[in-house]
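Trainee: Have a look at the structure that comes next, please.
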Amino acid sequence: MKIAHWTLKNGSGMHRVAEDISTAERALGYDSICQKSDVSEDWEGGMGADVHVCHSHVPESVQAKGGKIVWVGHGTPEHCFENSVVDGTKLGYGASDCMALIYHWMKNADALVTFWGRHQKIWKSLCDKSTKVHCLPLGVNKEFWKPVGSNGKYAGDPSIFTAENCHTIKWPLDLILSWPTVMSEYPDARLHINYLPYNQHRFWFPLLSHTGALITTFASPDILAHENLRNAFCSVDYYIGLVRYGDYNRICLEAKASGAKVISYYGNPYADYWIPEGSHELLALKLREIIRGDVIPRDTMQVPDISETAKGMIKIYEGLMENEFMPENKNVEEKNNETISDEVKDTELDCQTGEG
């Protein structure tokens with residue numbers, strides 16, 4: 001069985017998850033590759049695969065060659081909808097529409113996969129009742145993401161680190177607006193923010209400056225190499241990832257697996273501490289209570305290894321392939337083809353005689 005994963009290779013969590021699943025599938029003995037969905041020169045390698053795993057899109061010319069399609073929902077449903085609305089109203093004709101793509105795959109993919117139970121319920125609500133949405137554990141490579149010796153503690157007492165991709169669903173806006181209140185009680189605290197994109201600096205740095213947060217914040221556009229990111233997790237007092245709705249993501253799993261104390265909005269089962277979403281005053285109050293030691297860490301779920309994700313995916317592929325080659329399914333398909341052929345012949349005869 002040949003498996004082809006299709007993704008944008010842009011350094012995003014989606015990209016890394018796709019590559020890691022493919023690598024884990026190869027480690028299990030399967031012929032699995034990860035291809036660029038937006039670079040035509042990369043498509044040939046995935047032609048004729050038995051299973052195409054759609055992380056972003058499977059090119060139409062690849063689909064035409066056959067194979068089962070497994071759609072993987074990476075994006076938060078609400079954020080996908082927001083992006084479609086914003087792009088559609090601001091850019092107009094020809095704008096990107098990720099929800100339209102999702103609706104397409106909901107109808108046309110052979111299997112649907114998500115890594116969040118909350119998302120599973122939403123995606124299922126968009127499908128007919130016979131369609132199953134699989135929910136698999138989202139794992140990381142725990143041979144790499146594990147506690148290691150620090151190259152030196154990050155500045156701050158305490159030091160708090162965040163490195164979320166700056167989409168509205170998880171950007172550090174609420175944290176920055178709450179930070180001056182935290183500073184008022186903990187002037188030695190330091191906030192470390194990575195992944196602030198260059199093209200957003202004209203928005204973030206005036207905000208940091210005018211709120212007064214800049215004086216105790218280290219902000220950078222740097223995308224840390226994995227070794228440096230792991231070192232950061234092992235060198236700070238807390239990692240804070242404020243993803244809306246309490247969803248977890250890949251980077252919080254990496255932080256947790258590396259031994260960091262993780263803070264999130266209510267709902268993330270891997271976070272050691274939960275803080276409320278909404279009021280900045282309440283957010284700051286809860287953050288100060290955590291720093292003060294007044295909050296007992298939660299009993300968290302164990303971060304899965306990526307091999308668990310790969311095994312779940314393989315089970316889905318094998319189910320599709322078994323169904324494809326079951327004798328009764330072949331008999332039904334042959335019977336349907338015979339019926340269709342007879343109907344075509346009858347129609348052709350009617351056309352020739354002018355009847356019907």
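Ordering of the structure tokens sets the chain letters (A, B, ...), residue numbers begin anew at 1 in every chain, and ligands are numbered from 1 in the order given.
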Show me, as a PyMOL selection string, the residues that have an atom within 10 Å of stretch 135-139 of chain A when counting only C-alpha atoms, minus same-chain residues fewer than 5 positions from it.
Mentor: chain A and resi 17+20-21+72+112-121+248-250+253-254+257+302-313
Trainee: Put those residues in a file: C-alpha atoms, as a JSON list (two decimals), in the first residue's frame.
Mentor:
[["chain", "number", "residue", "atom", "x", "y", "z"],
["A", 17, "VAL", "CA", 2.17, 17.04, 11.53],
["A", 20, "ASP", "CA", 5.73, 13.45, 11.13],
["A", 21, "ILE", "CA", 2.82, 11.11, 10.38],
["A", 72, "VAL", "CA", -7.54, 15.60, 7.74],
["A", 112, "LEU", "CA", -12.68, 12.20, 7.47],
["A", 113, "VAL", "CA", -10.20, 12.66, 10.34],
["A", 114, "THR", "CA", -9.73, 15.19, 13.12],
["A", 115, "PHE", "CA", -7.63, 15.26, 16.30],
["A", 116, "TRP", "CA", -10.12, 17.11, 18.54],
["A", 117, "GLY", "CA", -13.36, 15.77, 19.98],
["A", 118, "ARG", "CA", -14.86, 19.27, 19.92],
["A", 119, "HIS", "CA", -14.06, 19.61, 16.20],
["A", 120, "GLN", "CA", -15.38, 16.11, 15.54],
["A", 121, "LYS", "CA", -18.84, 17.15, 16.72],
["A", 248, "TYR", "CA", -4.66, 22.26, 22.12],
["A", 249, "ASN", "CA", -2.19, 22.39, 19.25],
["A", 250, "ARG", "CA", 1.09, 20.84, 18.25],
["A", 253, "LEU", "CA", 2.11, 19.20, 23.04],
["A", 254, "GLU", "CA", 5.80, 19.74, 22.25],
["A", 257, "ALA", "CA", 6.38, 16.61, 26.32],
["A", 302, "GLN", "CA", -0.33, 12.03, 28.72],
["A", 303, "VAL", "CA", 0.98, 13.48, 25.45],
["A", 304, "PRO", "CA", 0.68, 10.75, 22.77],
["A", 305, "ASP", "CA", 3.60, 9.68, 20.62],
["A", 306, "ILE", "CA", 3.32, 10.27, 16.87],
["A", 307, "SER", "CA", 3.39, 6.49, 16.37],
["A", 308, "GLU", "CA", -0.09, 6.34, 17.96],
["A", 309, "THR", "CA", -1.35, 8.82, 15.37],
["A", 310, "ALA", "CA", 0.24, 6.83, 12.54],
["A", 311, "LYS", "CA", -1.27, 3.55, 13.77],
["A", 312, "GLY", "CA", -4.72, 5.15, 13.86],
["A", 313, "MET", "CA", -4.27, 6.44, 10.31]]
Trainee: If you count only C-alpha atoms, which residues fall within 9 Å of A:Phe81, apart from same-chain ones fewer than 4 positions away, as number ranges by chain?
Mentor: A: 76-77, 85-86, 97-99
Trainee: How about saving the chosen residues, C-alpha atoms kept, as a short mmCIF file (atom, residue, chain, number, x, y, z; two decimals), in the first residue's frame?
Mentor:
data_model
loop_
_atom_site.label_atom_id
_atom_site.label_comp_id
_atom_site.auth_asym_id
_atom_site.auth_seq_id
_atom_site.Cartn_x
_atom_site.Cartn_y
_atom_site.Cartn_z
CA THR A 76 -10.26 25.21 13.96
CA PRO A 77 -13.78 25.21 12.44
CA VAL A 85 -15.86 35.50 5.51
CA VAL A 86 -13.02 38.00 5.88
CA ASP A 97 -12.43 30.07 0.70
CA CYS A 98 -11.32 27.31 3.03
CA MET A 99 -14.88 26.51 4.13
#
Trainee: Check the DSSP output for the backbone and give back, as a ChimeraX atom specification, the residues of stretch 45-178 of chain A in helix (DSSP H, G or I).
Mentor: /A:45-46,60-63,77-91,98-108,117-125,173-178
Trainee: Using only C-alpha atoms, which residue out of A:Gly267, A:Gly259, A:Gly73, A:Gly241 lies closest to A:Lys170?
Mentor: A:Gly241
Trainee: List as a tab-separated table (two decimals) with C-alpha atoms, in the first residue's frame the protein and nucleic acid residues near A:Gly11, meaning an atom at most 12 Å away when only C-alpha atoms are counted, but skip any in the same chain fewer than 2 places from it.
Mentor:
chain	number	residue	atom	x	y	z
A	7	THR	CA	0.37	19.56	2.37
A	8	LEU	CA	1.71	23.07	2.05
A	9	LYS	CA	5.34	22.85	3.17
A	13	GLY	CA	1.93	22.94	12.44
A	14	MET	CA	-0.10	21.33	9.65
A	15	HIS	CA	3.07	20.86	7.59
A	16	ARG	CA	5.01	19.37	10.52
A	17	VAL	CA	2.17	17.04	11.53
A	18	ALA	CA	1.85	15.75	7.94
A	19	GLU	CA	5.59	15.09	7.71
A	36	LYS	CA	3.86	19.61	-1.76
A	165	ASN	CA	1.54	31.42	14.97
A	195	TYR	CA	6.95	34.21	15.97
A	223	ILE	CA	11.08	30.91	14.10
A	224	LEU	CA	13.21	28.74	16.33
A	225	ALA	CA	14.83	25.57	15.01
A	226	HIS	CA	13.47	22.51	16.81
Trainee: Do you know which residues are at most 10 Å from stretch 268-274 of chain A counting only C-alpha atoms, after dropping those on the same chain fewer than 5 positions away, and could you put them as a count of residues only?
Mentor: 34
Trainee: If you run DSSP on the backbone here, which positions in stretch 215-254 of chain A get strand (DSSP E or B)? Please write them as a ChimeraX atom specification.
Mentor: /A:217-219,238-240
Trainee: What does the distance from atom CA of A:Arg292 to atom CA of A:Ala213 come to in Å, to one decimal?
Mentor: 19.9 Å
Trainee: What's the 8 Å shell around A:Thr162, counting only C-alpha atoms, without same-chain residues fewer than 2 positions away, as a list in words?
Mentor: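 With the cut-off at 8 Å, the set is Ile160, Glu164, Pro172, Leu191, His192, Ile193, Asn194, Tyr239, Ile240 and Gly241 of chain A.
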Trainee: Hey, can you check how far atom CA of A:Ala49 sits from atom CA of A:Lys129?
Mentor: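 Computing the Euclidean distance for atom CA of A:Ala49 and atom CA of A:Lys129 yields 29.0 Å.
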Trainee: Residues at most 12 Å from A:Asn199, counting only C-alpha atoms, excluding those fewer than 4 positions away in the same chain, as a list in words?
Mentor: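 Everything that qualifies: Cys166, Tyr195, Phe203, Trp204, Phe205 and Pro221 of chain A.
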Trainee: I need the chosen residues saved as a PDB file, in the first residue's frame, with N, CA and C atoms.
Mentor:
ATOM      1  N   CYS A 166       0.749  33.705  14.538  1.00  0.00           N
ATOM      2  CA  CYS A 166      -0.106  34.866  14.832  1.00  0.00           C
ATOM      3  C   CYS A 166      -1.383  34.928  13.993  1.00  0.00           C
ATOM      4  N   TYR A 195       7.832  34.379  17.131  1.00  0.00           N
ATOM      5  CA  TYR A 195       6.953  34.210  15.967  1.00  0.00           C
ATOM      6  C   TYR A 195       6.058  35.420  15.714  1.00  0.00           C
ATOM      7  N   PHE A 203       2.027  46.801  13.954  1.00  0.00           N
ATOM      8  CA  PHE A 203       0.861  46.715  14.829  1.00  0.00           C
ATOM      9  C   PHE A 203       1.242  46.297  16.247  1.00  0.00           C
ATOM     10  N   TRP A 204       2.132  45.305  16.369  1.00  0.00           N
ATOM     11  CA  TRP A 204       2.439  44.740  17.675  1.00  0.00           C
ATOM     12  C   TRP A 204       3.328  45.639  18.523  1.00  0.00           C
ATOM     13  N   PHE A 205       4.356  46.245  17.922  1.00  0.00           N
ATOM     14  CA  PHE A 205       5.306  46.991  18.755  1.00  0.00           C
ATOM     15  C   PHE A 205       4.748  48.300  19.305  1.00  0.00           C
ATOM     16  N   PRO A 221      10.631  38.035  15.869  1.00  0.00           N
ATOM     17  CA  PRO A 221       9.979  37.338  14.761  1.00  0.00           C
ATOM     18  C   PRO A 221      10.575  35.959  14.509  1.00  0.00           C
TER      19      PRO A 221
END
Trainee: For a quick check of understanding, using only C-alpha atoms, which of A:His167, A:Glu227, A:Ser96, A:Lys2 has the smallest distance to A:Gly75?
Mentor: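 When distances to A:Gly75 are compared using only C-alpha atoms, the smallest one comes from A:His167.
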Trainee: Distance atom CA of A:Ile102-atom CA of A:Met1, one decimal place?
Mentor: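 Going from atom CA of A:Ile102 over to atom CA of A:Met1, I get 26.1 Å.
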Trainee: Pick out the closest residue to A:Leu285 from this set: A:Trp123, A:Tyr317, A:Tyr265, A:Trp179. Count only C-alpha atoms.
Mentor: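 Checking each candidate against A:Leu285, we get A:Trp179 as the closest.
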Trainee: What lies within 10 Å of stretch 60-68 of chain A using only C-alpha atoms, ignoring chain neighbours under 4 positions off, as number ranges by chain?
Mentor: A: 2-4, 37, 40, 43-53, 109-111, 317, 320-321, 324
Trainee: Go ahead and write the residues just picked, C-alpha atoms, as a PDB file, in the first residue's frame.
Mentor:
ATOM      1  CA  LYS A   2       1.426   3.349  -1.097  1.00  0.00           C
ATOM      2  CA  ILE A   3       0.407   6.420   0.924  1.00  0.00           C
ATOM      3  CA  ALA A   4       0.859  10.036  -0.219  1.00  0.00           C
ATOM      4  CA  SER A  37       0.274  20.197  -2.802  1.00  0.00           C
ATOM      5  CA  SER A  40       3.388  20.770  -9.617  1.00  0.00           C
ATOM      6  CA  TRP A  43       3.119  15.797  -7.902  1.00  0.00           C
ATOM      7  CA  GLU A  44       4.567  12.972  -9.983  1.00  0.00           C
ATOM      8  CA  GLY A  45       5.887  11.170  -6.896  1.00  0.00           C
ATOM      9  CA  GLY A  46       2.384  10.856  -5.489  1.00  0.00           C
ATOM     10  CA  MET A  47       0.667   9.724  -8.691  1.00  0.00           C
ATOM     11  CA  GLY A  48      -1.033   6.362  -8.403  1.00  0.00           C
ATOM     12  CA  ALA A  49      -0.885   6.109  -4.603  1.00  0.00           C
ATOM     13  CA  ASP A  50      -3.427   3.778  -3.039  1.00  0.00           C
ATOM     14  CA  VAL A  51      -4.304   6.398  -0.416  1.00  0.00           C
ATOM     15  CA  HIS A  52      -4.011  10.181  -0.651  1.00  0.00           C
ATOM     16  CA  VAL A  53      -4.073  12.014   2.674  1.00  0.00           C
ATOM     17  CA  ALA A 109     -13.442  12.188   0.732  1.00  0.00           C
ATOM     18  CA  ASP A 110     -13.531   8.479   1.536  1.00  0.00           C
ATOM     19  CA  ALA A 111     -12.724   9.127   5.211  1.00  0.00           C
ATOM     20  CA  TYR A 317      -6.398   3.171   5.288  1.00  0.00           C
ATOM     21  CA  LEU A 320     -10.783   1.566   3.093  1.00  0.00           C
ATOM     22  CA  MET A 321      -8.650  -0.892   1.131  1.00  0.00           C
ATOM     23  CA  GLU A 324     -12.446  -1.757  -1.816  1.00  0.00           C
TER      24      GLU A 324
END
